[in-house]
Structures are given as structure tokens and as C-alpha cells.
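File shown: my_file38.tsv. Contents: TSV, C-alpha atoms.
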```tsv
chain	number	residue	atom	x	y	z
A	1	MET	CA	-62.65	45.25	-20.68
A	2	ALA	CA	-60.97	47.97	-18.65
A	3	SER	CA	-62.09	46.40	-15.39
A	4	LEU	CA	-60.83	42.98	-16.54
A	5	LYS	CA	-57.46	44.47	-17.45
A	6	ALA	CA	-57.29	46.18	-14.07
A	7	GLY	CA	-57.95	42.84	-12.43
A	8	PHE	CA	-55.01	41.29	-14.26
A	9	LEU	CA	-52.81	44.22	-13.27
A	10	SER	CA	-53.73	43.77	-9.64
A	11	LEU	CA	-52.48	40.19	-9.80
A	12	PHE	CA	-49.03	41.46	-10.73
A	13	ASP	CA	-48.85	44.05	-7.96
A	14	PRO	CA	-46.55	42.68	-5.24
A	15	LEU	CA	-48.13	41.88	-1.91
A	16	ARG	CA	-47.35	44.30	0.88
A	17	LEU	CA	-44.44	42.42	2.40
A	18	ASP	CA	-41.86	44.04	4.63
A	19	GLU	CA	-38.86	44.89	2.41
A	20	SER	CA	-36.56	44.62	5.45
A	21	LEU	CA	-37.00	40.87	5.23
A	22	PHE	CA	-34.95	40.89	2.01
A	23	ASN	CA	-32.24	43.37	2.98
A	24	GLY	CA	-28.78	41.97	2.31
A	25	SER	CA	-30.26	39.11	0.30
A	26	ALA	CA	-30.23	38.37	-3.41
A	27	MET	CA	-33.92	37.46	-3.09
A	28	THR	CA	-36.27	40.36	-3.76
A	29	ARG	CA	-39.90	40.67	-2.75
A	30	ARG	CA	-41.03	40.07	-6.32
A	31	GLY	CA	-38.64	37.13	-6.58
A	32	ALA	CA	-40.04	35.55	-3.41
A	33	LEU	CA	-43.60	35.87	-4.69
A	34	ALA	CA	-42.60	34.48	-8.07
A	35	ALA	CA	-40.92	31.49	-6.40
A	36	ILE	CA	-43.99	30.77	-4.26
A	37	GLY	CA	-46.28	31.08	-7.28
A	38	TYR	CA	-44.03	28.81	-9.35
A	39	MET	CA	-43.97	26.14	-6.64
A	40	ALA	CA	-47.76	26.26	-6.24
A	41	CYS	CA	-48.33	25.97	-10.00
A	42	ALA	CA	-45.79	23.15	-10.31
A	43	VAL	CA	-47.44	21.13	-7.54
A	44	LEU	CA	-50.96	21.63	-8.91
A	45	LEU	CA	-49.82	20.79	-12.43
A	46	LEU	CA	-48.13	17.59	-11.25
A	47	ILE	CA	-51.22	16.52	-9.32
A	48	PHE	CA	-53.46	17.31	-12.29
A	49	ASN	CA	-51.30	15.32	-14.73
A	50	LYS	CA	-50.96	12.40	-12.33
A	51	ALA	CA	-54.69	12.29	-11.62
A	52	ALA	CA	-55.65	12.48	-15.30
A	53	LEU	CA	-53.21	9.78	-16.42
A	54	SER	CA	-53.37	7.40	-13.44
A	55	SER	CA	-56.77	7.84	-11.78
A	56	PHE	CA	-58.86	8.58	-14.88
A	57	HIS	CA	-56.62	6.67	-17.33
A	58	PHE	CA	-56.66	9.48	-19.87
A	59	PRO	CA	-55.40	7.97	-23.16
A	60	SER	CA	-52.81	10.56	-24.18
A	61	GLY	CA	-50.40	12.68	-22.19
A	62	ASN	CA	-49.49	14.52	-25.41
A	63	VAL	CA	-53.01	15.90	-25.71
A	64	ILE	CA	-52.76	17.24	-22.15
A	65	THR	CA	-49.43	18.82	-23.07
A	66	ILE	CA	-50.99	20.51	-26.12
A	67	CYS	CA	-53.83	21.91	-24.00
A	68	GLN	CA	-51.34	23.28	-21.48
A	69	ILE	CA	-49.26	24.87	-24.26
A	70	ILE	CA	-52.39	26.51	-25.70
A	71	CYS	CA	-53.36	27.87	-22.29
A	72	SER	CA	-49.88	29.28	-21.56
A	73	CYS	CA	-49.55	30.88	-25.02
A	74	THR	CA	-53.04	32.38	-24.83
A	75	PHE	CA	-52.36	33.81	-21.38
A	76	LEU	CA	-49.01	35.25	-22.50
A	77	TYR	CA	-50.61	36.73	-25.63
A	78	ILE	CA	-53.19	38.57	-23.51
A	79	LEU	CA	-50.57	39.87	-21.08
A	80	ARG	CA	-48.34	40.98	-23.96
A	81	ARG	CA	-51.14	42.73	-25.88
A	82	TRP	CA	-52.21	44.54	-22.73
A	83	LYS	CA	-48.54	45.52	-22.22
A	84	ILE	CA	-48.39	43.90	-18.81
A	85	VAL	CA	-45.32	41.87	-19.74
A	86	SER	CA	-42.65	42.03	-22.41
A	87	PHE	CA	-40.97	39.28	-24.41
A	88	SER	CA	-37.74	41.22	-24.83
A	89	ALA	CA	-34.81	41.00	-22.45
A	90	ALA	CA	-34.25	44.73	-23.01
A	91	HIS	CA	-37.45	45.57	-21.11
A	92	SER	CA	-38.27	44.87	-17.49
A	93	LEU	CA	-41.63	43.72	-16.16
A	94	ASN	CA	-42.65	47.30	-15.42
A	95	GLU	CA	-41.36	48.55	-18.77
A	96	SER	CA	-43.53	47.05	-21.49
A	97	ASP	CA	-42.41	46.55	-25.07
A	98	ASP	CA	-44.25	48.82	-27.55
A	99	SER	CA	-43.13	46.98	-30.70
A	100	ALA	CA	-45.88	45.71	-32.99
A	101	ASP	CA	-44.48	42.21	-33.51
A	102	LEU	CA	-44.56	39.76	-30.64
A	103	VAL	CA	-41.33	38.02	-31.71
A	104	PRO	CA	-39.49	38.51	-35.05
A	105	PHE	CA	-39.59	35.54	-37.43
A	106	LYS	CA	-35.79	35.45	-37.48
A	107	THR	CA	-35.80	34.92	-33.72
A	108	LEU	CA	-38.28	32.05	-34.07
A	109	VAL	CA	-35.92	30.36	-36.54
A	110	GLN	CA	-33.01	30.81	-34.14
A	111	MET	CA	-35.18	29.34	-31.37
A	112	LEU	CA	-35.57	25.98	-33.14
A	113	PRO	CA	-32.81	24.13	-31.19
A	114	ILE	CA	-34.23	25.34	-27.87
A	115	ALA	CA	-37.84	24.60	-28.87
A	116	LEU	CA	-37.01	21.07	-30.04
A	117	SER	CA	-35.16	20.30	-26.81
A	118	TYR	CA	-38.13	21.76	-24.91
A	119	LEU	CA	-40.53	19.53	-26.87
A	120	LEU	CA	-38.46	16.46	-26.06
A	121	TYR	CA	-38.44	17.41	-22.38
A	122	MET	CA	-42.22	18.01	-22.29
A	123	VAL	CA	-43.12	14.73	-23.99
A	124	VAL	CA	-40.80	12.59	-21.86
A	125	SER	CA	-41.80	14.46	-18.70
A	126	MET	CA	-45.48	13.67	-19.25
A	127	GLU	CA	-44.68	10.01	-19.85
A	128	SER	CA	-42.59	9.85	-16.67
A	129	VAL	CA	-45.55	11.00	-14.53
A	130	HIS	CA	-47.69	8.06	-15.55
A	131	GLY	CA	-46.00	5.05	-14.01
A	132	ILE	CA	-44.65	6.15	-10.63
A	133	ASN	CA	-46.05	7.55	-7.39
A	134	VAL	CA	-45.80	11.28	-6.75
A	135	PRO	CA	-43.33	11.24	-3.79
A	136	MET	CA	-40.81	9.09	-5.67
A	137	TYR	CA	-41.35	11.11	-8.83
A	138	THR	CA	-40.42	14.36	-7.10
A	139	THR	CA	-37.47	12.69	-5.34
A	140	LEU	CA	-36.03	11.33	-8.59
A	141	ARG	CA	-36.75	14.51	-10.54
A	142	ARG	CA	-34.61	16.49	-8.11
A	143	THR	CA	-31.60	14.59	-9.44
A	144	ALA	CA	-32.05	16.49	-12.72
A	145	VAL	CA	-29.67	19.12	-11.33
A	146	ALA	CA	-26.90	16.51	-11.32
A	147	PHE	CA	-27.56	15.75	-14.98
A	148	THR	CA	-27.50	19.48	-15.75
A	149	MET	CA	-24.20	19.98	-13.94
A	150	ALA	CA	-22.63	17.04	-15.80
A	151	THR	CA	-23.92	18.29	-19.16
A	152	GLU	CA	-22.69	21.83	-18.59
A	153	TYR	CA	-19.28	20.55	-17.53
A	154	LEU	CA	-18.95	18.36	-20.62
A	155	LEU	CA	-20.05	21.10	-23.02
A	156	THR	CA	-18.73	24.28	-21.43
A	157	ARG	CA	-16.34	23.04	-18.72
A	158	LYS	CA	-18.34	24.96	-16.13
A	159	ASN	CA	-17.23	24.31	-12.55
A	160	TYR	CA	-19.32	24.47	-9.39
A	161	SER	CA	-18.44	25.29	-5.81
A	162	PHE	CA	-17.74	22.54	-3.30
A	163	SER	CA	-20.87	23.42	-1.29
A	164	VAL	CA	-23.09	23.07	-4.37
A	165	PHE	CA	-21.42	19.75	-5.22
A	166	CYS	CA	-22.09	18.46	-1.69
A	167	CYS	CA	-25.75	19.51	-1.84
A	168	VAL	CA	-26.29	17.80	-5.20
A	169	SER	CA	-24.52	14.69	-3.89
A	170	LEU	CA	-26.98	14.68	-0.98
A	171	ILE	CA	-29.90	14.86	-3.42
A	172	VAL	CA	-28.56	11.92	-5.42
A	173	PHE	CA	-27.82	9.92	-2.25
A	174	GLY	CA	-31.37	10.49	-1.01
A	175	ALA	CA	-32.77	9.29	-4.34
A	176	ILE	CA	-30.63	6.14	-4.15
A	177	VAL	CA	-31.75	5.39	-0.58
A	178	ALA	CA	-35.42	5.99	-1.41
A	179	GLY	CA	-35.26	4.00	-4.64
A	180	ALA	CA	-33.56	1.04	-2.96
A	181	ARG	CA	-36.68	0.48	-0.84
A	182	ASP	CA	-39.35	1.65	-3.24
A	183	LEU	CA	-41.96	-1.10	-2.98
A	184	SER	CA	-43.58	0.04	-6.24
A	185	PHE	CA	-40.27	-0.05	-8.15
A	186	ASP	CA	-40.63	-0.35	-11.92
A	187	TYR	CA	-37.68	-0.45	-14.32
A	188	TYR	CA	-39.52	1.26	-17.16
A	189	SER	CA	-40.81	4.15	-15.03
A	190	TYR	CA	-37.40	4.77	-13.47
A	191	GLY	CA	-35.76	4.64	-16.89
A	192	VAL	CA	-38.21	7.19	-18.31
A	193	ILE	CA	-37.59	9.55	-15.39
A	194	PHE	CA	-33.84	9.43	-15.92
A	195	ILE	CA	-34.39	10.10	-19.64
A	196	CYS	CA	-36.58	13.01	-18.53
A	197	ASN	CA	-33.76	14.31	-16.34
A	198	LEU	CA	-31.34	14.02	-19.25
A	199	SER	CA	-33.71	15.86	-21.61
A	200	SER	CA	-34.20	18.53	-18.94
A	201	ALA	CA	-30.42	18.96	-18.70
A	202	ILE	CA	-30.17	19.27	-22.49
A	203	TYR	CA	-32.90	21.92	-22.51
A	204	VAL	CA	-31.35	23.96	-19.69
A	205	THR	CA	-27.91	23.78	-21.29
A	206	THR	CA	-29.33	24.77	-24.69
A	207	VAL	CA	-31.06	27.77	-23.16
A	208	ALA	CA	-27.85	28.80	-21.41
A	209	HIS	CA	-25.89	28.47	-24.65
A	210	TYR	CA	-28.32	30.10	-27.11
A	211	GLY	CA	-30.75	32.03	-24.93
A	212	LYS	CA	-28.69	35.14	-24.20
A	213	SER	CA	-28.02	35.81	-27.89
A	214	LEU	CA	-31.74	35.84	-28.75
A	215	GLY	CA	-32.64	38.92	-26.70
A	216	LEU	CA	-35.64	37.21	-25.07
A	217	ASN	CA	-36.63	37.09	-21.43
A	218	SER	CA	-38.36	34.15	-19.72
A	219	PHE	CA	-41.77	35.14	-21.09
A	220	GLY	CA	-40.38	35.34	-24.60
A	221	LEU	CA	-38.72	31.95	-24.32
A	222	ILE	CA	-41.93	30.31	-23.08
A	223	TRP	CA	-43.93	31.98	-25.88
A	224	CYS	CA	-41.53	30.83	-28.62
A	225	ASN	CA	-41.32	27.33	-27.20
A	226	GLY	CA	-45.10	27.02	-27.32
A	227	ILE	CA	-45.53	28.57	-30.77
A	228	ILE	CA	-42.92	26.23	-32.30
A	229	SER	CA	-43.44	22.99	-30.40
A	230	GLY	CA	-47.26	23.19	-30.21
A	231	PRO	CA	-47.96	22.64	-33.95
A	232	ILE	CA	-45.29	19.91	-34.15
A	233	LEU	CA	-46.83	18.03	-31.23
A	234	LEU	CA	-50.34	18.53	-32.66
A	235	CYS	CA	-49.32	16.90	-35.95
A	236	TRP	CA	-47.67	14.05	-34.06
A	237	THR	CA	-50.77	13.34	-31.97
A	238	PHE	CA	-52.96	13.48	-35.08
A	239	PHE	CA	-50.93	10.87	-36.98
A	240	ARG	CA	-50.65	8.63	-33.89
A	241	GLY	CA	-54.42	8.70	-33.39
A	242	ASP	CA	-54.25	10.36	-29.98
A	243	LEU	CA	-56.85	12.97	-30.91
A	244	GLU	CA	-59.30	10.29	-32.01
A	245	ARG	CA	-58.76	8.33	-28.78
A	246	THR	CA	-59.31	11.51	-26.80
A	247	ILE	CA	-62.64	12.16	-28.52
A	248	GLU	CA	-63.69	8.58	-27.78
A	249	TYR	CA	-62.53	8.79	-24.15
A	250	PRO	CA	-65.56	7.64	-22.08
A	251	TYR	CA	-65.01	10.06	-19.16
A	252	LEU	CA	-64.42	13.17	-21.28
A	253	TYR	CA	-67.75	14.72	-20.31
A	254	VAL	CA	-67.99	13.26	-16.82
A	255	PRO	CA	-68.11	16.11	-14.23
A	256	ALA	CA	-65.66	14.34	-11.92
A	257	PHE	CA	-63.03	14.41	-14.69
A	258	GLN	CA	-63.65	18.07	-15.56
A	259	ASP	CA	-63.81	19.38	-11.97
A	260	PHE	CA	-60.46	20.96	-11.05
A	261	PHE	CA	-60.98	20.63	-7.30
A	262	THR	CA	-61.57	16.89	-7.42
A	263	VAL	CA	-58.34	16.51	-9.38
A	264	ILE	CA	-56.43	18.26	-6.58
A	265	LEU	CA	-57.47	15.37	-4.35
A	266	GLY	CA	-56.43	12.86	-6.99
A	267	TRP	CA	-53.39	11.71	-5.04
A	268	MET	CA	-55.77	10.14	-2.52
A	269	VAL	CA	-57.10	7.70	-5.14
A	270	PHE	CA	-53.87	6.68	-6.89
A	271	GLY	CA	-54.26	3.18	-5.53
A	272	GLY	CA	-52.29	3.70	-2.34
A	273	LEU	CA	-48.62	4.40	-1.67
A	274	PRO	CA	-46.58	1.51	-0.25
A	275	PHE	CA	-44.85	2.65	2.94
A	276	ASP	CA	-41.28	1.82	3.90
A	277	PRO	CA	-39.29	3.76	6.54
A	278	LEU	CA	-36.05	3.73	4.55
A	279	ASN	CA	-37.88	4.98	1.49
A	280	VAL	CA	-39.27	7.91	3.49
A	281	ILE	CA	-35.82	8.65	4.95
A	282	GLY	CA	-34.34	8.74	1.45
A	283	GLN	CA	-37.02	11.18	0.29
A	284	CYS	CA	-36.32	13.41	3.30
A	285	ILE	CA	-32.58	13.33	2.55
A	286	GLY	CA	-33.27	14.37	-1.04
A	287	PHE	CA	-35.55	17.19	0.11
A	288	ALA	CA	-32.92	18.44	2.56
A	289	GLY	CA	-30.34	18.38	-0.20
A	290	ALA	CA	-32.64	20.36	-2.49
A	291	CYS	CA	-33.22	23.03	0.16
A	292	SER	CA	-29.47	23.25	0.84
A	293	TYR	CA	-28.77	23.54	-2.88
A	294	ALA	CA	-31.25	26.41	-3.23
A	295	TYR	CA	-29.68	28.19	-0.25
A	296	CYS	CA	-26.13	27.80	-1.64
A	297	LYS	CA	-27.14	29.10	-5.06
A	298	LEU	CA	-28.85	32.09	-3.43
A	299	GLN	CA	-25.76	32.85	-1.36
A	300	GLU	CA	-23.53	32.70	-4.44
A	301	LYS	CA	-25.62	35.39	-6.15
A	302	GLN	CA	-25.15	37.88	-3.31
```

As C-alpha cells, how would this structure be written, given the file I've shared?
Amino acid sequence: MASLKAGFLSLFDPLRLDESLFNGSAMTRRGALAAIGYMACAVLLLIFNKAALSSFHFPSGNVITICQIICSCTFLYILRRWKIVSFSAAHSLNESDDSADLVPFKTLVQMLPIALSYLLYMVVSMESVHGINVPMYTTLRRTAVAFTMATEYLLTRKNYSFSVFCCVSLIVFGAIVAGARDLSFDYYSYGVIFICNLSSAIYVTTVAHYGKSLGLNSFGLIWCNGIISGPILLCWTFFRGDLERTIEYPYLYVPAFQDFFTVILGWMVFGGLPFDPLNVIGQCIGFAGACSYAYCKLQEKQ
């Protein structure tokens, strides 16, 4: 057990990067590694979900969501019990929380609005992956920042700098250009993605409004979201018959479905991606806007 714990600890030790690379920047070495890890996990998770729902025709995205919630909560529980991370905003990553309770029950009750908005976002997000190709999905999902900005302005009258506004406008313009020549265009899939963006904006705004008063850090928020939304989603899938359909799924025990590395290559067997030059240009415009937006936000924090 000690050796296993030491292995986990080694994963959280920052790589030996030159600190001079981050001098004068709001980005720290740990922040850079966290960003790279987040991007890698997000890409792999998207490919996994897309492959399971499109290539293998898995019957329920909600069941996949439940499994992912269980995995994240289990992993966080282990890290918290081993005092590798803390759920409290009053403790840093290197300063573990020694309290016996993971999260007080009162805090869980106060987390209900955030957890419900998180559940809505997760369910709609999984549905949005199903009916659209991966490049267009990522292009359209980048426009979620525009929904978030609009929601925050309507609720809190928060203003953004002109540079940020221009970057977000570039993202939206790229999505419009790409969508105008998307040869696999589908009204339902596009509609679900925009609902997903709206639910994402509601979740982000809810976290910004309630999160600071709860005394939880990012780990604590993820833990509470999973503990609250997991049982609700489990009951929903049970009454809808999703669990029964999952048990009867013919490829459940097929090695190709269970093998993680074959799923990574799932994008190659999604049935092909129709090519159009204007569509590709629009995706590139959206990507450039996203990079510019990230740079502007980083500069504002300096």
C-alpha cells in the first residue's frame, strides 16, 4: 500500500521544467502541466464517448456518464483519504485537509443548485456527442464561451475587455463559416449542441455565483457534483430502462468494445468525415479565436 501511495504521489510531482519559462507570466509550472493534462483527458474522453455512441452504438449515454462519475468520485476519494488533495478552498494542494468529514452535509445541501445545473450539462453534453462529427463538435462547443459571457452579463452585468470580445467574435464567426458548409449538417444535432452550450453557461455562472461562498476548491466541487448528481442520474436511467438495455447490449463483452486503445482510434471508423474547404477554414478560424481568447485571458491575470 505504501508503494502504491508513493506512486500516486509521484504523479503529482511537477516535471522538471525550467521555471524561467514562466517568469513574468501568470502561468505557473504546475498550471501548465495541469492545462496539458486537462486537454489530454478532454480529448481522450471525447473520443471514447464518440466511439462508444457512434461506432459501437452503445444504447445509453447516461450509463456512460454514471460510470465516469463513479470513476472520478472513487479517484478523488482515494486522493483525499491519502491526503494528497483537499476539498477545502482554505488548503492548497500541498497542504492537505486533516478534517474527518469529506464535505459537511450542510455544504452538500447548499451545492444542490450547482449540482443540478452540472447534471443538466452532463446529460445534454453526452447527447450532443452522438449525432455530429468530432471536428464540428469541438468547433461549435467553443462558442460556449459566448453563451457564458451573455449569461454573466444578464445576471451580474459583468463586462469584458474589447480584446476578449473580439476573440469570442472570431470563435463564433468561425463556427458560422464551418457550419454553413457542413456537409453532414443536422438540425437536431446542432440544436442539442447549442442547448449544451447554454447549460454549460448556466453551470459556469452558477459556480461563479455560489461557489465562492461554499469554501470548496475545484476538487471539492467535482466531488459534490458527483455525489449529488450520480444517484439522481442512476434512478433516472433505472426508470427509463437504460440499465436493462445496457445489460442486453450485444457488444458488452466483446474485447474490441472493452479495449481502451482501440477506442482511441475510433474516429477512424465514424463513417467518414465529409470534406469541404470552407468548412475547414471555418474550423481553423474558430481554433485561432480560441487560442487568442486563452492568451488574452492569461494576459489579463498578470

Counting all atoms listed in the file, which of A:Leu119, A:Leu79, A:Ala175, A:Leu154 gets nearest to Ser229 (chain A)?
A:Leu119

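In this comparison, which uses all atoms listed in the file, the residue of A:Ser60, A:Asn197, A:Ser55, A:Thr237 approaching Thr139 (chain A) most closely is A:Asn197.
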
Nearest candidate to Asp186 (chain A) (options A:Met136, A:Ala90, A:Cys235, A:Val164; using all atoms listed in the file):
A:Met136

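In this model, the gap between CA of Phe147 (chain A) and CA of Leu233 (chain A) comes to 25.3 Å.
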
Point (-45.8, 9.8, -17.8) neighbourhood (9 Å, only C-alpha atoms) written as an MDAnalysis selection string
chainID A and resid 49:50 53 61 123:132 189 192:193

To one decimal place in Å, what is the distance between CA of Leu120 (chain A) and CA of Tyr77 (chain A)?
23.6 Å

One decimal, Å: what's the distance from CA of Val172 (chain A) over to CA of Asn133 (chain A), could you say?
18.1 Å

Neighbour list for Met122 (chain A) as a ChimeraX atom specification, cut-off 9 Å, only C-alpha atoms, skip fewer than 4 positions in-chain:
/A:62,65,117-118,126-127,196,199-200

Counting only C-alpha atoms, the residue of A:Phe173, A:Tyr203, A:Tyr153, A:Phe238 that sits nearest Leu116 (chain A)
A:Tyr203

Counting only C-alpha atoms, the option among A:Val168, A:Ile227, A:Ile247, A:Ala42 closest to Tyr295 (chain A)
A:Val168

Of the candidates A:Val109, A:Leu140, A:Val134, A:Ile66, which shows the shortest atom-to-atom distance to Ile171 (chain A), using all atoms listed in the file?
A:Leu140
